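> So here's work-v7.pdb (PDB, N, CA and C atoms, pLDDT in the B column).
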```
ATOM      1  N   MET A   1     -94.207 -62.983-166.848  1.00 46.00           N
ATOM      2  CA  MET A   1     -93.644 -64.271-167.166  1.00 46.00           C
ATOM      3  C   MET A   1     -93.425 -64.425-168.660  1.00 46.00           C
ATOM      4  N   SER A   2     -94.142 -63.684-169.478  1.00 45.00           N
ATOM      5  CA  SER A   2     -94.010 -63.771-170.924  1.00 45.00           C
ATOM      6  C   SER A   2     -92.655 -63.246-171.363  1.00 45.00           C
ATOM      7  N   GLN A   3     -92.076 -63.903-172.366  1.00 48.00           N
ATOM      8  CA  GLN A   3     -90.767 -63.520-172.861  1.00 48.00           C
ATOM      9  C   GLN A   3     -90.890 -62.906-174.244  1.00 48.00           C
ATOM     10  N   GLU A   4     -89.746 -62.427-174.776  1.00 51.00           N
ATOM     11  CA  GLU A   4     -89.721 -61.903-176.127  1.00 51.00           C
ATOM     12  C   GLU A   4     -90.122 -63.014-177.098  1.00 51.00           C
ATOM     13  N   PRO A   5     -90.705 -62.655-178.238  1.00 52.00           N
ATOM     14  CA  PRO A   5     -91.066 -63.686-179.213  1.00 52.00           C
ATOM     15  C   PRO A   5     -89.848 -64.517-179.614  1.00 52.00           C
ATOM     16  N   THR A   6     -90.053 -65.787-179.753  1.00 59.00           N
ATOM     17  CA  THR A   6     -88.978 -66.699-180.115  1.00 59.00           C
ATOM     18  C   THR A   6     -88.650 -66.535-181.590  1.00 59.00           C
ATOM     19  N   GLN A   7     -87.373 -66.598-181.907  1.00 83.00           N
ATOM     20  CA  GLN A   7     -86.937 -66.352-183.277  1.00 83.00           C
ATOM     21  C   GLN A   7     -86.854 -67.612-184.133  1.00 83.00           C
ATOM     22  N   ASN A   8     -86.881 -68.788-183.528  1.00 94.00           N
ATOM     23  CA  ASN A   8     -86.796 -69.999-184.332  1.00 94.00           C
ATOM     24  C   ASN A   8     -87.599 -71.134-183.706  1.00 94.00           C
ATOM     25  N   TYR A   9     -87.815 -72.155-184.510  1.00 96.00           N
ATOM     26  CA  TYR A   9     -88.617 -73.303-184.100  1.00 96.00           C
ATOM     27  C   TYR A   9     -88.016 -74.009-182.893  1.00 96.00           C
ATOM     28  N   GLU A  10     -86.711 -74.209-182.929  1.00 95.00           N
ATOM     29  CA  GLU A  10     -86.044 -74.922-181.840  1.00 95.00           C
ATOM     30  C   GLU A  10     -86.186 -74.179-180.514  1.00 95.00           C
ATOM     31  N   GLY A  11     -86.025 -72.871-180.555  1.00 96.00           N
ATOM     32  CA  GLY A  11     -86.191 -72.066-179.347  1.00 96.00           C
ATOM     33  C   GLY A  11     -87.620 -72.107-178.830  1.00 96.00           C
ATOM     34  N   ALA A  12     -88.570 -72.084-179.767  1.00 97.00           N
ATOM     35  CA  ALA A  12     -89.983 -72.132-179.377  1.00 97.00           C
ATOM     36  C   ALA A  12     -90.332 -73.465-178.724  1.00 97.00           C
ATOM     37  N   THR A  13     -89.830 -74.552-179.291  1.00 97.00           N
ATOM     38  CA  THR A  13     -90.146 -75.851-178.691  1.00 97.00           C
ATOM     39  C   THR A  13     -89.466 -76.014-177.334  1.00 97.00           C
ATOM     40  N   ALA A  14     -88.263 -75.476-177.192  1.00 97.00           N
ATOM     41  CA  ALA A  14     -87.588 -75.538-175.891  1.00 97.00           C
ATOM     42  C   ALA A  14     -88.387 -74.751-174.852  1.00 97.00           C
ATOM     43  N   ARG A  15     -88.882 -73.577-175.244  1.00 97.00           N
ATOM     44  CA  ARG A  15     -89.681 -72.772-174.308  1.00 97.00           C
ATOM     45  C   ARG A  15     -90.981 -73.488-173.968  1.00 97.00           C
ATOM     46  N   LEU A  16     -91.606 -74.127-174.956  1.00 97.00           N
ATOM     47  CA  LEU A  16     -92.829 -74.887-174.683  1.00 97.00           C
ATOM     48  C   LEU A  16     -92.572 -75.997-173.678  1.00 97.00           C
ATOM     49  N   GLU A  17     -91.456 -76.683-173.811  1.00 98.00           N
ATOM     50  CA  GLU A  17     -91.118 -77.732-172.852  1.00 98.00           C
ATOM     51  C   GLU A  17     -90.968 -77.164-171.448  1.00 98.00           C
ATOM     52  N   ALA A  18     -90.345 -75.987-171.342  1.00 98.00           N
ATOM     53  CA  ALA A  18     -90.178 -75.356-170.033  1.00 98.00           C
ATOM     54  C   ALA A  18     -91.539 -74.954-169.448  1.00 98.00           C
ATOM     55  N   ILE A  19     -92.417 -74.466-170.300  1.00 98.00           N
ATOM     56  CA  ILE A  19     -93.765 -74.079-169.850  1.00 98.00           C
ATOM     57  C   ILE A  19     -94.510 -75.313-169.339  1.00 98.00           C
ATOM     58  N   ILE A  20     -94.445 -76.400-170.084  1.00 98.00           N
ATOM     59  CA  ILE A  20     -95.132 -77.630-169.689  1.00 98.00           C
ATOM     60  C   ILE A  20     -94.598 -78.149-168.359  1.00 98.00           C
ATOM     61  N   GLU A  21     -93.278 -78.115-168.205  1.00 98.00           N
ATOM     62  CA  GLU A  21     -92.689 -78.556-166.933  1.00 98.00           C
ATOM     63  C   GLU A  21     -93.186 -77.699-165.776  1.00 98.00           C
ATOM     64  N   ARG A  22     -93.238 -76.385-165.987  1.00 98.00           N
ATOM     65  CA  ARG A  22     -93.703 -75.479-164.934  1.00 98.00           C
ATOM     66  C   ARG A  22     -95.168 -75.760-164.589  1.00 98.00           C
ATOM     67  N   LEU A  23     -95.987 -75.937-165.612  1.00 97.00           N
ATOM     68  CA  LEU A  23     -97.401 -76.221-165.363  1.00 97.00           C
ATOM     69  C   LEU A  23     -97.583 -77.572-164.684  1.00 97.00           C
ATOM     70  N   ASP A  24     -96.815 -78.557-165.114  1.00 97.00           N
ATOM     71  CA  ASP A  24     -96.905 -79.893-164.508  1.00 97.00           C
ATOM     72  C   ASP A  24     -96.433 -79.917-163.059  1.00 97.00           C
ATOM     73  N   SER A  25     -95.568 -78.979-162.697  1.00 97.00           N
ATOM     74  CA  SER A  25     -95.048 -78.956-161.329  1.00 97.00           C
ATOM     75  C   SER A  25     -96.132 -78.637-160.311  1.00 97.00           C
ATOM     76  N   GLY A  26     -97.177 -77.967-160.758  1.00 96.00           N
ATOM     77  CA  GLY A  26     -98.253 -77.583-159.862  1.00 96.00           C
ATOM     78  C   GLY A  26     -97.903 -76.404-158.966  1.00 96.00           C
ATOM     79  N   GLU A  27     -96.746 -75.787-159.201  1.00 97.00           N
ATOM     80  CA  GLU A  27     -96.284 -74.685-158.364  1.00 97.00           C
ATOM     81  C   GLU A  27     -96.716 -73.308-158.872  1.00 97.00           C
ATOM     82  N   ALA A  28     -97.186 -73.242-160.110  1.00 96.00           N
ATOM     83  CA  ALA A  28     -97.585 -71.961-160.682  1.00 96.00           C
ATOM     84  C   ALA A  28     -98.924 -71.530-160.089  1.00 96.00           C
ATOM     85  N   GLY A  29     -99.006 -70.264-159.745  1.00 97.00           N
ATOM     86  CA  GLY A  29    -100.264 -69.722-159.258  1.00 97.00           C
ATOM     87  C   GLY A  29    -101.236 -69.494-160.401  1.00 97.00           C
ATOM     88  N   LEU A  30    -102.401 -69.019-160.075  1.00 97.00           N
ATOM     89  CA  LEU A  30    -103.457 -68.828-161.067  1.00 97.00           C
ATOM     90  C   LEU A  30    -103.032 -67.854-162.162  1.00 97.00           C
ATOM     91  N   ARG A  31    -102.506 -66.700-161.790  1.00 98.00           N
ATOM     92  CA  ARG A  31    -102.106 -65.692-162.770  1.00 98.00           C
ATOM     93  C   ARG A  31    -100.955 -66.209-163.635  1.00 98.00           C
ATOM     94  N   GLU A  32     -99.977 -66.854-163.008  1.00 98.00           N
ATOM     95  CA  GLU A  32     -98.845 -67.388-163.771  1.00 98.00           C
ATOM     96  C   GLU A  32     -99.317 -68.477-164.730  1.00 98.00           C
ATOM     97  N   THR A  33    -100.245 -69.317-164.274  1.00 97.00           N
ATOM     98  CA  THR A  33    -100.784 -70.366-165.138  1.00 97.00           C
ATOM     99  C   THR A  33    -101.450 -69.761-166.361  1.00 97.00           C
ATOM    100  N   LEU A  34    -102.241 -68.730-166.162  1.00 98.00           N
ATOM    101  CA  LEU A  34    -102.906 -68.052-167.270  1.00 98.00           C
ATOM    102  C   LEU A  34    -101.872 -67.467-168.231  1.00 98.00           C
ATOM    103  N   ASP A  35    -100.860 -66.797-167.700  1.00 98.00           N
ATOM    104  CA  ASP A  35     -99.811 -66.201-168.535  1.00 98.00           C
ATOM    105  C   ASP A  35     -99.050 -67.274-169.313  1.00 98.00           C
ATOM    106  N   LEU A  36     -98.733 -68.376-168.652  1.00 98.00           N
ATOM    107  CA  LEU A  36     -98.017 -69.459-169.321  1.00 98.00           C
ATOM    108  C   LEU A  36     -98.865 -70.088-170.427  1.00 98.00           C
ATOM    109  N   CYS A  37    -100.143 -70.246-170.172  1.00 98.00           N
ATOM    110  CA  CYS A  37    -101.037 -70.802-171.195  1.00 98.00           C
ATOM    111  C   CYS A  37    -101.127 -69.884-172.401  1.00 98.00           C
ATOM    112  N   ARG A  38    -101.215 -68.596-172.167  1.00 98.00           N
ATOM    113  CA  ARG A  38    -101.252 -67.630-173.276  1.00 98.00           C
ATOM    114  C   ARG A  38     -99.948 -67.665-174.071  1.00 98.00           C
ATOM    115  N   GLU A  39     -98.835 -67.678-173.364  1.00 97.00           N
ATOM    116  CA  GLU A  39     -97.540 -67.732-174.041  1.00 97.00           C
ATOM    117  C   GLU A  39     -97.415 -69.038-174.827  1.00 97.00           C
ATOM    118  N   GLY A  40     -97.824 -70.130-174.209  1.00 97.00           N
ATOM    119  CA  GLY A  40     -97.763 -71.425-174.876  1.00 97.00           C
ATOM    120  C   GLY A  40     -98.601 -71.463-176.135  1.00 97.00           C
ATOM    121  N   ARG A  41     -99.776 -70.873-176.083  1.00 97.00           N
ATOM    122  CA  ARG A  41    -100.646 -70.834-177.267  1.00 97.00           C
ATOM    123  C   ARG A  41     -99.958 -70.092-178.409  1.00 97.00           C
ATOM    124  N   GLY A  42     -99.343 -68.967-178.086  1.00 97.00           N
ATOM    125  CA  GLY A  42     -98.622 -68.215-179.113  1.00 97.00           C
ATOM    126  C   GLY A  42     -97.467 -69.010-179.702  1.00 97.00           C
ATOM    127  N   LEU A  43     -96.765 -69.732-178.842  1.00 97.00           N
ATOM    128  CA  LEU A  43     -95.645 -70.545-179.310  1.00 97.00           C
ATOM    129  C   LEU A  43     -96.123 -71.703-180.187  1.00 97.00           C
ATOM    130  N   VAL A  44     -97.233 -72.315-179.818  1.00 97.00           N
ATOM    131  CA  VAL A  44     -97.793 -73.403-180.626  1.00 97.00           C
ATOM    132  C   VAL A  44     -98.186 -72.864-182.005  1.00 97.00           C
ATOM    133  N   GLU A  45     -98.804 -71.687-182.041  1.00 97.00           N
ATOM    134  CA  GLU A  45     -99.181 -71.087-183.318  1.00 97.00           C
ATOM    135  C   GLU A  45     -97.943 -70.775-184.155  1.00 97.00           C
ATOM    136  N   PHE A  46     -96.897 -70.261-183.510  1.00 96.00           N
ATOM    137  CA  PHE A  46     -95.647 -69.977-184.205  1.00 96.00           C
ATOM    138  C   PHE A  46     -95.072 -71.260-184.793  1.00 96.00           C
ATOM    139  N   CYS A  47     -95.001 -72.320-183.994  1.00 96.00           N
ATOM    140  CA  CYS A  47     -94.447 -73.598-184.450  1.00 96.00           C
ATOM    141  C   CYS A  47     -95.271 -74.180-185.600  1.00 96.00           C
ATOM    142  N   ALA A  48     -96.582 -74.086-185.493  1.00 96.00           N
ATOM    143  CA  ALA A  48     -97.441 -74.588-186.565  1.00 96.00           C
ATOM    144  C   ALA A  48     -97.169 -73.834-187.863  1.00 96.00           C
ATOM    145  N   GLY A  49     -96.977 -72.529-187.776  1.00 96.00           N
ATOM    146  CA  GLY A  49     -96.656 -71.738-188.955  1.00 96.00           C
ATOM    147  C   GLY A  49     -95.317 -72.124-189.554  1.00 96.00           C
ATOM    148  N   GLU A  50     -94.337 -72.370-188.692  1.00 95.00           N
ATOM    149  CA  GLU A  50     -93.016 -72.796-189.171  1.00 95.00           C
ATOM    150  C   GLU A  50     -93.109 -74.149-189.869  1.00 95.00           C
ATOM    151  N   LEU A  51     -93.822 -75.090-189.270  1.00 95.00           N
ATOM    152  CA  LEU A  51     -93.973 -76.410-189.880  1.00 95.00           C
ATOM    153  C   LEU A  51     -94.713 -76.321-191.214  1.00 95.00           C
ATOM    154  N   ASP A  52     -95.715 -75.470-191.282  1.00 94.00           N
ATOM    155  CA  ASP A  52     -96.460 -75.284-192.524  1.00 94.00           C
ATOM    156  C   ASP A  52     -95.546 -74.722-193.616  1.00 94.00           C
ATOM    157  N   ALA A  53     -94.722 -73.746-193.254  1.00 93.00           N
ATOM    158  CA  ALA A  53     -93.802 -73.155-194.227  1.00 93.00           C
ATOM    159  C   ALA A  53     -92.796 -74.181-194.735  1.00 93.00           C
ATOM    160  N   VAL A  54     -92.277 -74.995-193.835  1.00 92.00           N
ATOM    161  CA  VAL A  54     -91.322 -76.030-194.236  1.00 92.00           C
ATOM    162  C   VAL A  54     -92.023 -77.051-195.133  1.00 92.00           C
ATOM    163  N   GLY A  55     -93.241 -77.423-194.782  1.00 91.00           N
ATOM    164  CA  GLY A  55     -94.003 -78.371-195.601  1.00 91.00           C
ATOM    165  C   GLY A  55     -94.230 -77.843-197.003  1.00 91.00           C
ATOM    166  N   LYS A  56     -94.562 -76.573-197.116  1.00 89.00           N
ATOM    167  CA  LYS A  56     -94.763 -75.968-198.438  1.00 89.00           C
ATOM    168  C   LYS A  56     -93.461 -75.946-199.225  1.00 89.00           C
ATOM    169  N   GLY A  57     -92.361 -75.671-198.535  1.00 87.00           N
ATOM    170  CA  GLY A  57     -91.057 -75.687-199.202  1.00 87.00           C
ATOM    171  C   GLY A  57     -90.719 -77.069-199.721  1.00 87.00           C
ATOM    172  N   LEU A  58     -91.039 -78.099-198.943  1.00 85.00           N
ATOM    173  CA  LEU A  58     -90.792 -79.470-199.388  1.00 85.00           C
ATOM    174  C   LEU A  58     -91.666 -79.828-200.582  1.00 85.00           C
ATOM    175  N   GLU A  59     -92.909 -79.373-200.576  1.00 85.00           N
ATOM    176  CA  GLU A  59     -93.794 -79.617-201.716  1.00 85.00           C
ATOM    177  C   GLU A  59     -93.230 -78.966-202.972  1.00 85.00           C
ATOM    178  N   GLU A  60     -92.716 -77.751-202.849  1.00 83.00           N
ATOM    179  CA  GLU A  60     -92.129 -77.062-203.995  1.00 83.00           C
ATOM    180  C   GLU A  60     -90.921 -77.821-204.513  1.00 83.00           C
ATOM    181  N   LEU A  61     -90.095 -78.327-203.611  1.00 81.00           N
ATOM    182  CA  LEU A  61     -88.930 -79.108-204.028  1.00 81.00           C
ATOM    183  C   LEU A  61     -89.356 -80.368-204.768  1.00 81.00           C
ATOM    184  N   ARG A  62     -90.389 -81.035-204.259  1.00 84.00           N
ATOM    185  CA  ARG A  62     -90.875 -82.244-204.914  1.00 84.00           C
ATOM    186  C   ARG A  62     -91.437 -81.928-206.290  1.00 84.00           C
ATOM    187  N   LEU A  63     -92.158 -80.813-206.415  1.00 82.00           N
ATOM    188  CA  LEU A  63     -92.701 -80.422-207.715  1.00 82.00           C
ATOM    189  C   LEU A  63     -91.577 -80.098-208.690  1.00 82.00           C
ATOM    190  N   ASP A  64     -90.554 -79.387-208.214  1.00 82.00           N
ATOM    191  CA  ASP A  64     -89.417 -79.072-209.070  1.00 82.00           C
ATOM    192  C   ASP A  64     -88.733 -80.351-209.534  1.00 82.00           C
ATOM    193  N   GLU A  65     -88.595 -81.308-208.621  1.00 83.00           N
ATOM    194  CA  GLU A  65     -87.975 -82.583-208.968  1.00 83.00           C
ATOM    195  C   GLU A  65     -88.819 -83.333-209.994  1.00 83.00           C
ATOM    196  N   LEU A  66     -90.115 -83.303-209.827  1.00 81.00           N
ATOM    197  CA  LEU A  66     -91.020 -83.968-210.759  1.00 81.00           C
ATOM    198  C   LEU A  66     -90.923 -83.334-212.139  1.00 81.00           C
ATOM    199  N   VAL A  67     -90.909 -82.021-212.199  1.00 82.00           N
ATOM    200  CA  VAL A  67     -90.788 -81.322-213.480  1.00 82.00           C
ATOM    201  C   VAL A  67     -89.480 -81.704-214.163  1.00 82.00           C
ATOM    202  N   THR A  68     -88.409 -81.739-213.398  1.00 84.00           N
ATOM    203  CA  THR A  68     -87.105 -82.117-213.960  1.00 84.00           C
ATOM    204  C   THR A  68     -87.151 -83.531-214.522  1.00 84.00           C
ATOM    205  N   ARG A  69     -87.745 -84.451-213.791  1.00 81.00           N
ATOM    206  CA  ARG A  69     -87.868 -85.829-214.263  1.00 81.00           C
ATOM    207  C   ARG A  69     -88.689 -85.917-215.544  1.00 81.00           C
ATOM    208  N   LEU A  70     -89.799 -85.190-215.568  1.00 83.00           N
ATOM    209  CA  LEU A  70     -90.653 -85.201-216.750  1.00 83.00           C
ATOM    210  C   LEU A  70     -89.917 -84.595-217.951  1.00 83.00           C
ATOM    211  N   GLU A  71     -89.190 -83.530-217.719  1.00 83.00           N
ATOM    212  CA  GLU A  71     -88.433 -82.919-218.810  1.00 83.00           C
ATOM    213  C   GLU A  71     -87.361 -83.867-219.325  1.00 83.00           C
ATOM    214  N   ARG A  72     -86.673 -84.568-218.428  1.00 84.00           N
ATOM    215  CA  ARG A  72     -85.652 -85.542-218.833  1.00 84.00           C
ATOM    216  C   ARG A  72     -86.305 -86.684-219.619  1.00 84.00           C
ATOM    217  N   GLY A  73     -87.441 -87.144-219.138  1.00 81.00           N
ATOM    218  CA  GLY A  73     -88.139 -88.225-219.835  1.00 81.00           C
ATOM    219  C   GLY A  73     -88.576 -87.797-221.224  1.00 81.00           C
ATOM    220  N   ALA A  74     -89.042 -86.578-221.367  1.00 77.00           N
ATOM    221  CA  ALA A  74     -89.464 -86.073-222.672  1.00 77.00           C
ATOM    222  C   ALA A  74     -88.254 -85.923-223.589  1.00 77.00           C
ATOM    223  N   ALA A  75     -87.130 -85.474-223.053  1.00 79.00           N
ATOM    224  CA  ALA A  75     -85.917 -85.306-223.859  1.00 79.00           C
ATOM    225  C   ALA A  75     -85.369 -86.669-224.282  1.00 79.00           C
ATOM    226  N   ASP A  76     -85.446 -87.662-223.394  1.00 80.00           N
ATOM    227  CA  ASP A  76     -84.960 -88.991-223.717  1.00 80.00           C
ATOM    228  C   ASP A  76     -85.848 -89.665-224.778  1.00 80.00           C
ATOM    229  N   ALA A  77     -87.135 -89.372-224.733  1.00 75.00           N
ATOM    230  CA  ALA A  77     -88.077 -89.976-225.682  1.00 75.00           C
ATOM    231  C   ALA A  77     -87.954 -89.354-227.077  1.00 75.00           C
ATOM    232  N   ALA A  78     -87.458 -88.134-227.121  1.00 70.00           N
ATOM    233  CA  ALA A  78     -87.368 -87.424-228.424  1.00 70.00           C
ATOM    234  C   ALA A  78     -86.226 -87.855-229.256  1.00 70.00           C
TER     235      ALA A  78
END
```
Rewrite the structure from the file as structure tokens, please.

Amino acid sequence: MSQEPTQNYEGATARLEAIIERLDSGEAGLRETLDLCREGRGLVEFCAGELDAVGKGLEELRLDELVTRLERGAADAA
């Protein structure tokens, strides 16, 4: 039941939704449930890593913006 690793956040979240629907249906057997849970855990970890990377990128952008503002303020004061 496990698929190839997902290449992007959107694909991972779509697959997670499909896994949740399958589990909620109550139709998955014991082995399939275990496989889906394992796959879901990997996808959640992947998504968390993607969100963390985006968050760090946003922090860097904010820091760059702050530095630019401070430099402009120092130049205006001089």
> Evaluate the PyMOL selection byres (((chain A and resi 20-26 and name CA) around 12) and name CA) on the structure here and hand back the selected residues as a PyMOL selection string.
chain A and resi 1+13-19+27-37+39-41+43
> Quick one: distance from atom N of Tyr9 of chain A to atom CA of Asp64 of chain A in Å, one decimal?
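Computing it gives 25.6 Å between the two atoms.
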> If I take atom N of Asn8 of chain A and atom N of Cys47 of chain A, how far is one from the other in Å, to one decimal?
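Computing the Euclidean distance for atom N of Asn8 of chain A and atom N of Cys47 of chain A yields 8.9 Å.
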